[in-house]
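Peer 1: Structure incoming, see below.
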Amino acid sequence: MENLERVVVVGASAAGVTTAETLRREGFTGSITLVGDEKALPYDRPPLSKQVLAGAWEPERTLLRPDSAYLDQGIGLTLGSAATALDLARRTVALSNGEEIGYDGLVIATGTRPRELPFGHDLAGVHVLRTVDDALALRGDLLRSASTVVVGAGFLGTEAAAAARLLGLDVTLVDPLPLPLVRQFGDRVASTIASLHEERGVQLRTGVSVAALHGEGAVSGVELTDGTLLPADVVLVAIGAMPATGWLTGSGVPVDDGVVCDATCQAADGVYAAGDVARWFNPHFGGLMRVEHRMNATEQGMAVARNLLGARIPFAPVPYFWTDQFDAKIQAYGVFPAEAEMVVVHGELAERKFVAHYLAHGRVVGVLGWNMARQLRQDRQLISPATAG
Ligand SMILES: Cc1cc2nc3c(=O)[nH]c(=O)nc-3n(C[C@H](O)[C@H](O)[C@H](O)COP(=O)(O)OP(=O)(O)OC[C@H]3O[C@@H](n4cnc5c(N)ncnc54)[C@H](O)[C@@H]3O)c2cc1C
């Protein structure tokens with residue numbers, strides 16, 4: 001971008017920090033202001049549902065950088081203040097602390113916010129899990145409790161259920177879909193995840209939704225739509241997340257399940273988006289994509305920084321993600337559409353040590369490994385772009 005002297009990055013987490021640092025690494029000498037609504041120094045979220053919940057890590061260990069790193073790199077931190085409005089014409093961002101900051105280049109890296117049930121969140125013991133404070137509050141309650149119900153068997157729900165079980169609680173995992181993580185990986189891997197959880201003592205209640213949360217002041221039980229009442233001292237609601245775009249309403253930045261961007265991650269003149277909040281055209285797969293995974297936040301932050309500096313390179317990654325639950329390390333590259341055919345090519349599903357390929361229209365579009373990292377990395381090369389064959 002020409003005349004780039006002031007960059008403002010809204011969202012001080014994985015994507016925002018990477019953008020700011022990449023700008024410096026690529027030689028940008030203008031001002032960088034990183035704005036974040038959380039008071040804590042930027043930290044990493046994946047350990048929250050794993051090491052932090054389990055008590056293996058103190059929260060400090062999740063920090064992305066020590067305090068001094070921002071000073072050393074000349075990155076200004078404005079923490080504890082939310083961006084509340086954007087004026088594209090004047091190129092300014094309004095903050096909840098009353099300030100207004102001008103920019104030449106703006107990066108939107110505001111991530112997502114947890115979805116909530118339409119009821120029950122006012123009861124003590126009912127949690128969501130996105131921030132370090134959420135993780136510490138949830139852990140505190142789990143340590144005082146005998147039973148927990150986790151609502152939602154996606155990545156977060158299955159990981160938290162495993163962590164709670166390892167803390168010794170009675171754990172029930174509830175989801176309206178027939179199997180945990182079935183939308184993400186299909187029936188066969190999802191069945192294997194279900195067996196893992198059941199063998200470790202997690203009670204699975206699938207194919208049924210939550211009708212109500214009961215309790216006076218504090219939660220005491222979860223009522224399911226089939227009439228079952230599950231006792232619970234703690235409830236974790238892990239039913240997905242929504243892009244944090246409320247502050248952009250009326251700004252003119254296109255928003256539709258995220259900030260809609262072109263292939264270079266640009267949403268408007270001088271405005272880019274990165275991380276969980278960005279829905280951009282990924283030329284590798286030939287469609288708009290929004291990825292809620294940690295590696296994407298880093299890679300997209302780097303791409304956005306370079307494009308702000310004028311590279312104009314399409315961002316065409318093969319998405320990567322992982323999840324750890326009990327002794328399973330599941331890693332995956334690519335996409336996993338419902339219609340894809342899944343074929344185990346190394347190892348055995350039943351032994352929970354395998355690599356599977358996902359094929360759509362005769363092409364490998366995704367590869368998934370369960371406790372087989374090295375083989376998986378090799379197979380990753382097989383994922384073909386949308387334009388191939
Ligand atoms: C508990 C947990 C476990 C996870 N585990 C894994 C895993 O195992 N593997 C994996 O691949 N991914 C995992 N993820 C996902 C991964 O953490 C995210 O993809 C990553 O954090 C996205 O980074 P981001 O910077 O785009 O957004 P975020 O990390 O969501 O950061 C956005 C920041 O912007 C702030 N913000 C929002 N609105 C405003 C505003 N208006 N003004 C100022 N600041 C604002 C938010 O408070 C937040 O601090 C996990 C996520 C969670 C919550």
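Residue numbers start at 1 in each chain; chains themselves are named A, B, ... in the order of the structure tokens; ligands are numbered from 1 in the order shown.
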Could you give me the residues within stretch 105-332 of chain A that DSSP places in strand (DSSP E or B), as a PDB file with N, CA and C atoms, in the first residue's frame?
Peer 2:
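In the end it all went to states-v1.pdb:
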```pdb
ATOM      1  N   GLY A 105      -3.640   1.876   7.217  1.00  0.00           N
ATOM      2  CA  GLY A 105      -3.993   0.478   7.002  1.00  0.00           C
ATOM      3  C   GLY A 105      -4.633  -0.079   8.266  1.00  0.00           C
ATOM      4  N   LEU A 106      -5.743  -0.804   8.090  1.00  0.00           N
ATOM      5  CA  LEU A 106      -6.444  -1.379   9.248  1.00  0.00           C
ATOM      6  C   LEU A 106      -6.521  -2.888   9.076  1.00  0.00           C
ATOM      7  N   VAL A 107      -6.240  -3.607  10.165  1.00  0.00           N
ATOM      8  CA  VAL A 107      -6.388  -5.063  10.141  1.00  0.00           C
ATOM      9  C   VAL A 107      -7.435  -5.461  11.180  1.00  0.00           C
ATOM     10  N   ILE A 108      -8.440  -6.176  10.720  1.00  0.00           N
ATOM     11  CA  ILE A 108      -9.502  -6.659  11.609  1.00  0.00           C
ATOM     12  C   ILE A 108      -9.138  -8.087  12.006  1.00  0.00           C
ATOM     13  N   THR A 112     -13.622 -14.642  17.266  1.00  0.00           N
ATOM     14  CA  THR A 112     -15.028 -15.041  17.441  1.00  0.00           C
ATOM     15  C   THR A 112     -15.420 -14.953  18.910  1.00  0.00           C
ATOM     16  N   ARG A 113     -16.731 -14.974  19.139  1.00  0.00           N
ATOM     17  CA  ARG A 113     -17.285 -15.002  20.507  1.00  0.00           C
ATOM     18  C   ARG A 113     -18.102 -16.276  20.654  1.00  0.00           C
ATOM     19  N   PRO A 114     -18.118 -16.865  21.843  1.00  0.00           N
ATOM     20  CA  PRO A 114     -18.882 -18.103  22.014  1.00  0.00           C
ATOM     21  C   PRO A 114     -20.387 -17.876  21.841  1.00  0.00           C
ATOM     22  N   ALA A 124     -25.129 -19.529  38.235  1.00  0.00           N
ATOM     23  CA  ALA A 124     -23.721 -19.828  38.577  1.00  0.00           C
ATOM     24  C   ALA A 124     -23.419 -21.260  38.157  1.00  0.00           C
ATOM     25  N   VAL A 126     -22.618 -22.126  35.115  1.00  0.00           N
ATOM     26  CA  VAL A 126     -22.793 -22.277  33.662  1.00  0.00           C
ATOM     27  C   VAL A 126     -21.690 -21.473  32.976  1.00  0.00           C
ATOM     28  N   HIS A 127     -20.929 -22.132  32.107  1.00  0.00           N
ATOM     29  CA  HIS A 127     -19.731 -21.513  31.525  1.00  0.00           C
ATOM     30  C   HIS A 127     -19.710 -21.575  30.009  1.00  0.00           C
ATOM     31  N   SER A 147     -20.051 -33.486  39.220  1.00  0.00           N
ATOM     32  CA  SER A 147     -20.589 -33.873  37.898  1.00  0.00           C
ATOM     33  C   SER A 147     -20.688 -32.662  36.991  1.00  0.00           C
ATOM     34  N   THR A 148     -20.432 -32.918  35.714  1.00  0.00           N
ATOM     35  CA  THR A 148     -20.552 -31.832  34.747  1.00  0.00           C
ATOM     36  C   THR A 148     -21.246 -32.324  33.485  1.00  0.00           C
ATOM     37  N   VAL A 149     -21.976 -31.410  32.868  1.00  0.00           N
ATOM     38  CA  VAL A 149     -22.560 -31.691  31.560  1.00  0.00           C
ATOM     39  C   VAL A 149     -21.901 -30.723  30.575  1.00  0.00           C
ATOM     40  N   VAL A 150     -21.391 -31.279  29.488  1.00  0.00           N
ATOM     41  CA  VAL A 150     -20.816 -30.453  28.432  1.00  0.00           C
ATOM     42  C   VAL A 150     -21.815 -30.456  27.283  1.00  0.00           C
ATOM     43  N   VAL A 151     -22.244 -29.277  26.895  1.00  0.00           N
ATOM     44  CA  VAL A 151     -23.240 -29.163  25.825  1.00  0.00           C
ATOM     45  C   VAL A 151     -22.492 -28.828  24.536  1.00  0.00           C
ATOM     46  N   ASP A 170     -17.820 -36.930  37.015  1.00  0.00           N
ATOM     47  CA  ASP A 170     -18.781 -37.617  36.144  1.00  0.00           C
ATOM     48  C   ASP A 170     -19.084 -36.647  35.014  1.00  0.00           C
ATOM     49  N   VAL A 171     -18.877 -37.098  33.777  1.00  0.00           N
ATOM     50  CA  VAL A 171     -19.024 -36.176  32.646  1.00  0.00           C
ATOM     51  C   VAL A 171     -20.059 -36.717  31.665  1.00  0.00           C
ATOM     52  N   THR A 172     -21.008 -35.871  31.300  1.00  0.00           N
ATOM     53  CA  THR A 172     -21.949 -36.231  30.236  1.00  0.00           C
ATOM     54  C   THR A 172     -21.789 -35.221  29.111  1.00  0.00           C
ATOM     55  N   LEU A 173     -21.649 -35.764  27.901  1.00  0.00           N
ATOM     56  CA  LEU A 173     -21.456 -34.917  26.714  1.00  0.00           C
ATOM     57  C   LEU A 173     -22.726 -35.023  25.880  1.00  0.00           C
ATOM     58  N   VAL A 174     -23.355 -33.872  25.613  1.00  0.00           N
ATOM     59  CA  VAL A 174     -24.666 -33.859  24.939  1.00  0.00           C
ATOM     60  C   VAL A 174     -24.530 -33.171  23.581  1.00  0.00           C
ATOM     61  N   ASP A 175     -25.129 -33.763  22.564  1.00  0.00           N
ATOM     62  CA  ASP A 175     -25.103 -33.111  21.242  1.00  0.00           C
ATOM     63  C   ASP A 175     -26.289 -33.592  20.418  1.00  0.00           C
ATOM     64  N   GLN A 203     -20.069 -40.151  29.525  1.00  0.00           N
ATOM     65  CA  GLN A 203     -21.404 -40.596  29.093  1.00  0.00           C
ATOM     66  C   GLN A 203     -21.779 -39.765  27.878  1.00  0.00           C
ATOM     67  N   LEU A 204     -22.097 -40.417  26.788  1.00  0.00           N
ATOM     68  CA  LEU A 204     -22.493 -39.685  25.574  1.00  0.00           C
ATOM     69  C   LEU A 204     -24.002 -39.673  25.462  1.00  0.00           C
ATOM     70  N   ARG A 205     -24.574 -38.497  25.293  1.00  0.00           N
ATOM     71  CA  ARG A 205     -26.009 -38.378  25.019  1.00  0.00           C
ATOM     72  C   ARG A 205     -26.137 -37.638  23.690  1.00  0.00           C
ATOM     73  N   THR A 206     -26.141 -38.403  22.618  1.00  0.00           N
ATOM     74  CA  THR A 206     -26.184 -37.786  21.291  1.00  0.00           C
ATOM     75  C   THR A 206     -27.570 -37.937  20.681  1.00  0.00           C
ATOM     76  N   VAL A 210     -30.638 -29.812  24.369  1.00  0.00           N
ATOM     77  CA  VAL A 210     -30.915 -29.307  25.712  1.00  0.00           C
ATOM     78  C   VAL A 210     -32.184 -28.471  25.664  1.00  0.00           C
ATOM     79  N   ALA A 211     -33.134 -28.801  26.552  1.00  0.00           N
ATOM     80  CA  ALA A 211     -34.402 -28.056  26.594  1.00  0.00           C
ATOM     81  C   ALA A 211     -34.356 -26.939  27.631  1.00  0.00           C
ATOM     82  N   ALA A 212     -33.664 -27.169  28.744  1.00  0.00           N
ATOM     83  CA  ALA A 212     -33.620 -26.159  29.812  1.00  0.00           C
ATOM     84  C   ALA A 212     -32.470 -26.444  30.756  1.00  0.00           C
ATOM     85  N   LEU A 213     -32.023 -25.392  31.428  1.00  0.00           N
ATOM     86  CA  LEU A 213     -31.076 -25.567  32.528  1.00  0.00           C
ATOM     87  C   LEU A 213     -31.843 -25.284  33.814  1.00  0.00           C
ATOM     88  N   HIS A 214     -31.683 -26.154  34.818  1.00  0.00           N
ATOM     89  CA  HIS A 214     -32.408 -25.992  36.075  1.00  0.00           C
ATOM     90  C   HIS A 214     -31.486 -25.532  37.189  1.00  0.00           C
ATOM     91  N   GLY A 215     -32.071 -24.878  38.164  1.00  0.00           N
ATOM     92  CA  GLY A 215     -31.310 -24.471  39.332  1.00  0.00           C
ATOM     93  C   GLY A 215     -31.838 -23.143  39.849  1.00  0.00           C
ATOM     94  N   GLU A 216     -31.545 -22.897  41.131  1.00  0.00           N
ATOM     95  CA  GLU A 216     -31.925 -21.596  41.693  1.00  0.00           C
ATOM     96  C   GLU A 216     -30.651 -20.885  42.107  1.00  0.00           C
ATOM     97  N   ALA A 218     -27.759 -21.207  41.256  1.00  0.00           N
ATOM     98  CA  ALA A 218     -26.690 -22.015  40.643  1.00  0.00           C
ATOM     99  C   ALA A 218     -27.325 -23.175  39.894  1.00  0.00           C
ATOM    100  N   VAL A 219     -26.640 -23.632  38.873  1.00  0.00           N
ATOM    101  CA  VAL A 219     -27.194 -24.718  38.055  1.00  0.00           C
ATOM    102  C   VAL A 219     -27.187 -26.021  38.869  1.00  0.00           C
ATOM    103  N   SER A 220     -28.258 -26.813  38.679  1.00  0.00           N
ATOM    104  CA  SER A 220     -28.298 -28.112  39.364  1.00  0.00           C
ATOM    105  C   SER A 220     -28.573 -29.247  38.384  1.00  0.00           C
ATOM    106  N   GLY A 221     -29.064 -28.904  37.189  1.00  0.00           N
ATOM    107  CA  GLY A 221     -29.348 -29.978  36.248  1.00  0.00           C
ATOM    108  C   GLY A 221     -29.628 -29.467  34.855  1.00  0.00           C
ATOM    109  N   VAL A 222     -29.549 -30.404  33.916  1.00  0.00           N
ATOM    110  CA  VAL A 222     -29.787 -30.092  32.505  1.00  0.00           C
ATOM    111  C   VAL A 222     -30.937 -30.972  32.025  1.00  0.00           C
ATOM    112  N   GLU A 223     -31.980 -30.327  31.511  1.00  0.00           N
ATOM    113  CA  GLU A 223     -33.116 -31.099  30.989  1.00  0.00           C
ATOM    114  C   GLU A 223     -32.947 -31.251  29.480  1.00  0.00           C
ATOM    115  N   LEU A 224     -33.043 -32.496  29.015  1.00  0.00           N
ATOM    116  CA  LEU A 224     -32.904 -32.754  27.585  1.00  0.00           C
ATOM    117  C   LEU A 224     -34.280 -32.770  26.922  1.00  0.00           C
ATOM    118  N   LEU A 229     -33.520 -35.710  32.860  1.00  0.00           N
ATOM    119  CA  LEU A 229     -32.906 -34.646  33.664  1.00  0.00           C
ATOM    120  C   LEU A 229     -31.539 -35.139  34.147  1.00  0.00           C
ATOM    121  N   LEU A 230     -30.488 -34.476  33.679  1.00  0.00           N
ATOM    122  CA  LEU A 230     -29.130 -34.859  34.069  1.00  0.00           C
ATOM    123  C   LEU A 230     -28.671 -33.956  35.206  1.00  0.00           C
ATOM    124  N   PRO A 231     -28.282 -34.535  36.357  1.00  0.00           N
ATOM    125  CA  PRO A 231     -27.755 -33.674  37.425  1.00  0.00           C
ATOM    126  C   PRO A 231     -26.420 -33.060  36.996  1.00  0.00           C
ATOM    127  N   VAL A 234     -21.792 -28.279  37.243  1.00  0.00           N
ATOM    128  CA  VAL A 234     -21.154 -27.366  36.291  1.00  0.00           C
ATOM    129  C   VAL A 234     -21.645 -27.718  34.895  1.00  0.00           C
ATOM    130  N   VAL A 235     -21.921 -26.686  34.100  1.00  0.00           N
ATOM    131  CA  VAL A 235     -22.314 -26.912  32.703  1.00  0.00           C
ATOM    132  C   VAL A 235     -21.385 -26.079  31.829  1.00  0.00           C
ATOM    133  N   LEU A 236     -20.781 -26.730  30.835  1.00  0.00           N
ATOM    134  CA  LEU A 236     -20.021 -25.975  29.841  1.00  0.00           C
ATOM    135  C   LEU A 236     -20.831 -25.957  28.551  1.00  0.00           C
ATOM    136  N   VAL A 237     -21.115 -24.766  28.075  1.00  0.00           N
ATOM    137  CA  VAL A 237     -21.831 -24.615  26.809  1.00  0.00           C
ATOM    138  C   VAL A 237     -20.785 -24.386  25.722  1.00  0.00           C
ATOM    139  N   ALA A 241     -19.106 -20.722  17.804  1.00  0.00           N
ATOM    140  CA  ALA A 241     -18.718 -19.326  18.011  1.00  0.00           C
ATOM    141  C   ALA A 241     -19.156 -18.491  16.815  1.00  0.00           C
ATOM    142  N   MET A 242     -19.316 -17.210  17.066  1.00  0.00           N
ATOM    143  CA  MET A 242     -19.737 -16.281  16.007  1.00  0.00           C
ATOM    144  C   MET A 242     -18.654 -15.231  15.794  1.00  0.00           C
ATOM    145  N   PRO A 243     -18.410 -14.844  14.547  1.00  0.00           N
ATOM    146  CA  PRO A 243     -17.399 -13.804  14.298  1.00  0.00           C
ATOM    147  C   PRO A 243     -17.726 -12.523  15.073  1.00  0.00           C
ATOM    148  N   VAL A 255     -19.890  -7.800   5.745  1.00  0.00           N
ATOM    149  CA  VAL A 255     -19.919  -8.819   6.801  1.00  0.00           C
ATOM    150  C   VAL A 255     -20.989  -9.843   6.476  1.00  0.00           C
ATOM    151  N   VAL A 259     -15.850 -11.255   8.189  1.00  0.00           N
ATOM    152  CA  VAL A 259     -15.527 -10.124   7.305  1.00  0.00           C
ATOM    153  C   VAL A 259     -15.199 -10.710   5.937  1.00  0.00           C
ATOM    154  N   VAL A 260     -15.989 -10.339   4.938  1.00  0.00           N
ATOM    155  CA  VAL A 260     -15.827 -10.953   3.609  1.00  0.00           C
ATOM    156  C   VAL A 260     -14.687 -10.247   2.869  1.00  0.00           C
ATOM    157  N   CYS A 261     -13.716 -11.059   2.431  1.00  0.00           N
ATOM    158  CA  CYS A 261     -12.501 -10.506   1.821  1.00  0.00           C
ATOM    159  C   CYS A 261     -12.241 -11.157   0.465  1.00  0.00           C
ATOM    160  N   GLN A 266      -8.299  -8.671   1.570  1.00  0.00           N
ATOM    161  CA  GLN A 266      -8.709  -7.270   1.658  1.00  0.00           C
ATOM    162  C   GLN A 266     -10.244  -7.195   1.646  1.00  0.00           C
ATOM    163  N   ALA A 267     -10.782  -6.386   2.565  1.00  0.00           N
ATOM    164  CA  ALA A 267     -12.243  -6.262   2.683  1.00  0.00           C
ATOM    165  C   ALA A 267     -12.740  -4.927   2.150  1.00  0.00           C
ATOM    166  N   ALA A 268     -11.913  -3.909   2.219  1.00  0.00           N
ATOM    167  CA  ALA A 268     -12.255  -2.564   1.729  1.00  0.00           C
ATOM    168  C   ALA A 268     -10.929  -1.850   1.516  1.00  0.00           C
ATOM    169  N   VAL A 271      -8.301  -1.917   4.185  1.00  0.00           N
ATOM    170  CA  VAL A 271      -8.804  -2.713   5.313  1.00  0.00           C
ATOM    171  C   VAL A 271      -8.665  -4.202   4.996  1.00  0.00           C
ATOM    172  N   TYR A 272      -8.017  -4.923   5.877  1.00  0.00           N
ATOM    173  CA  TYR A 272      -7.784  -6.358   5.706  1.00  0.00           C
ATOM    174  C   TYR A 272      -8.329  -7.096   6.933  1.00  0.00           C
ATOM    175  N   ALA A 273      -8.515  -8.407   6.780  1.00  0.00           N
ATOM    176  CA  ALA A 273      -8.938  -9.216   7.939  1.00  0.00           C
ATOM    177  C   ALA A 273      -8.098 -10.484   8.000  1.00  0.00           C
ATOM    178  N   ALA A 278     -12.056 -13.752   9.619  1.00  0.00           N
ATOM    179  CA  ALA A 278     -11.954 -13.452   8.174  1.00  0.00           C
ATOM    180  C   ALA A 278     -12.622 -14.539   7.332  1.00  0.00           C
ATOM    181  N   ARG A 279     -13.440 -14.133   6.388  1.00  0.00           N
ATOM    182  CA  ARG A 279     -14.009 -15.078   5.420  1.00  0.00           C
ATOM    183  C   ARG A 279     -13.526 -14.618   4.057  1.00  0.00           C
ATOM    184  N   TRP A 280     -12.542 -15.307   3.556  1.00  0.00           N
ATOM    185  CA  TRP A 280     -11.874 -14.849   2.348  1.00  0.00           C
ATOM    186  C   TRP A 280     -11.977 -15.891   1.248  1.00  0.00           C
ATOM    187  N   PHE A 281     -11.699 -15.475   0.021  1.00  0.00           N
ATOM    188  CA  PHE A 281     -11.732 -16.386  -1.121  1.00  0.00           C
ATOM    189  C   PHE A 281     -10.411 -17.146  -1.167  1.00  0.00           C
ATOM    190  N   ASN A 282     -10.480 -18.445  -0.866  1.00  0.00           N
ATOM    191  CA  ASN A 282      -9.259 -19.267  -0.890  1.00  0.00           C
ATOM    192  C   ASN A 282      -9.136 -19.915  -2.264  1.00  0.00           C
ATOM    193  N   GLY A 287     -13.266 -21.221  -3.211  1.00  0.00           N
ATOM    194  CA  GLY A 287     -14.481 -20.717  -2.559  1.00  0.00           C
ATOM    195  C   GLY A 287     -14.162 -19.871  -1.344  1.00  0.00           C
ATOM    196  N   LEU A 288     -15.227 -19.202  -0.815  1.00  0.00           N
ATOM    197  CA  LEU A 288     -15.055 -18.429   0.415  1.00  0.00           C
ATOM    198  C   LEU A 288     -14.882 -19.395   1.578  1.00  0.00           C
ATOM    199  N   MET A 289     -14.025 -19.042   2.499  1.00  0.00           N
ATOM    200  CA  MET A 289     -13.686 -19.943   3.592  1.00  0.00           C
ATOM    201  C   MET A 289     -13.447 -19.126   4.855  1.00  0.00           C
ATOM    202  N   TYR A 320      -4.814 -26.333   8.387  1.00  0.00           N
ATOM    203  CA  TYR A 320      -4.288 -27.377   9.288  1.00  0.00           C
ATOM    204  C   TYR A 320      -4.898 -27.179  10.660  1.00  0.00           C
ATOM    205  N   PHE A 321      -5.264 -28.250  11.300  1.00  0.00           N
ATOM    206  CA  PHE A 321      -5.667 -28.143  12.705  1.00  0.00           C
ATOM    207  C   PHE A 321      -5.414 -29.440  13.447  1.00  0.00           C
ATOM    208  N   TRP A 322      -5.484 -29.331  14.750  1.00  0.00           N
ATOM    209  CA  TRP A 322      -5.257 -30.507  15.596  1.00  0.00           C
ATOM    210  C   TRP A 322      -6.172 -30.433  16.792  1.00  0.00           C
ATOM    211  N   THR A 323      -6.371 -31.576  17.406  1.00  0.00           N
ATOM    212  CA  THR A 323      -7.077 -31.610  18.683  1.00  0.00           C
ATOM    213  C   THR A 323      -6.446 -32.708  19.529  1.00  0.00           C
ATOM    214  N   ASP A 324      -6.339 -32.443  20.830  1.00  0.00           N
ATOM    215  CA  ASP A 324      -5.796 -33.443  21.764  1.00  0.00           C
ATOM    216  C   ASP A 324      -6.909 -33.827  22.720  1.00  0.00           C
ATOM    217  N   GLN A 325      -7.207 -35.102  22.820  1.00  0.00           N
ATOM    218  CA  GLN A 325      -8.165 -35.566  23.814  1.00  0.00           C
ATOM    219  C   GLN A 325      -7.743 -36.935  24.323  1.00  0.00           C
ATOM    220  N   ALA A 328      -5.234 -39.210  22.458  1.00  0.00           N
ATOM    221  CA  ALA A 328      -5.349 -39.053  20.999  1.00  0.00           C
ATOM    222  C   ALA A 328      -4.850 -37.681  20.569  1.00  0.00           C
ATOM    223  N   LYS A 329      -3.924 -37.680  19.599  1.00  0.00           N
ATOM    224  CA  LYS A 329      -3.558 -36.428  18.946  1.00  0.00           C
ATOM    225  C   LYS A 329      -4.046 -36.571  17.512  1.00  0.00           C
ATOM    226  N   ILE A 330      -5.090 -35.847  17.200  1.00  0.00           N
ATOM    227  CA  ILE A 330      -5.687 -35.921  15.870  1.00  0.00           C
ATOM    228  C   ILE A 330      -5.279 -34.654  15.124  1.00  0.00           C
ATOM    229  N   GLN A 331      -4.700 -34.840  13.946  1.00  0.00           N
ATOM    230  CA  GLN A 331      -4.250 -33.691  13.153  1.00  0.00           C
ATOM    231  C   GLN A 331      -4.847 -33.811  11.760  1.00  0.00           C
ATOM    232  N   ALA A 332      -5.129 -32.693  11.149  1.00  0.00           N
ATOM    233  CA  ALA A 332      -5.777 -32.770   9.842  1.00  0.00           C
ATOM    234  C   ALA A 332      -5.356 -31.608   8.964  1.00  0.00           C
TER     235      ALA A 332
END
```
Peer 1: Give me the residues within 10 Å of A:His361 as a PyMOL selection string, counting only C-alpha atoms and dropping any in the same chain fewer than 4 places off.
Peer 2: chain A and resi 339-341+365+389
Peer 1: Using only C-alpha atoms, which of the listed residues (A:Ala54, A:Val9, A:Val335, A:Leu368) sits closest to A:Ile75?
Peer 2: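 Under the stated criterion, the closest residue is A:Val9.
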Peer 1: Hey, which of A:Arg377, A:Arg115, A:Lys39, A:Arg200 ends up closest to A:Gly240? Count only C-alpha atoms.
Peer 2: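 Ranked by minimum distance to A:Gly240, first place goes to A:Arg115.
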Peer 1: If I take atom CA of A:Ala316 and atom CA of A:Asn296, how far is one from the other in Å, to one decimal?
Peer 2: 10.7 Å
Peer 1: Identify, counting only C-alpha atoms and all ligand atoms, the protein, DNA and RNA residues located within 6 Å of ligand 1, and give them as number ranges by chain.
Peer 2: A: 10-16, 35-38, 45-46, 48-49, 82-84, 109-112, 129-130, 156, 244, 247, 275-277, 292-295, 297, 321-323
Peer 1: Can you tell me which residues surround A:Gln184 at a distance of at most 10 Å, considering only C-alpha atoms, apart from same-chain residues fewer than 5 positions away, and format the answer as a PyMOL selection string?
Peer 2: chain A and resi 154-155+189-190+335-338
Peer 1: Which one is closest to A:Ala194: A:Gly310, A:Arg352, A:Gly227, A:Asp256? Count only C-alpha atoms.
Peer 2: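 Ranked by minimum distance to A:Ala194, first place goes to A:Arg352.
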Peer 1: Would you please work out which residue, of A:Leu167, A:Ile193, A:Leu86, A:Leu181, is nearest to A:Leu349 when using only C-alpha atoms?
Peer 2: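 Once distances to A:Leu349 are computed over only C-alpha atoms, the minimum belongs to A:Ile193.
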Peer 1: So that I can check the surroundings of A:Gly201, please list as a ChimeraX atom specification every protein, DNA and RNA residue that reaches within 10 Å of it, counting only C-alpha atoms and ignoring chain neighbours fewer than 5 positions away.
Peer 2: /A:162,165-166,168-172,195-196
Peer 1: Taking only C-alpha atoms into account, name the residue in A:Leu177, A:Leu138, A:Ala263, A:Ile383 that is nearest to A:Ala153.
Peer 2: A:Leu177
Peer 1: Among stretch 106-273 of chain A, which ones does DSSP assign to helix (DSSP H, G or I) (computed from the backbone)? Answer as a ChimeraX atom specification.
Peer 2: /A:132-143,155-166,182-185,187-199,246-248
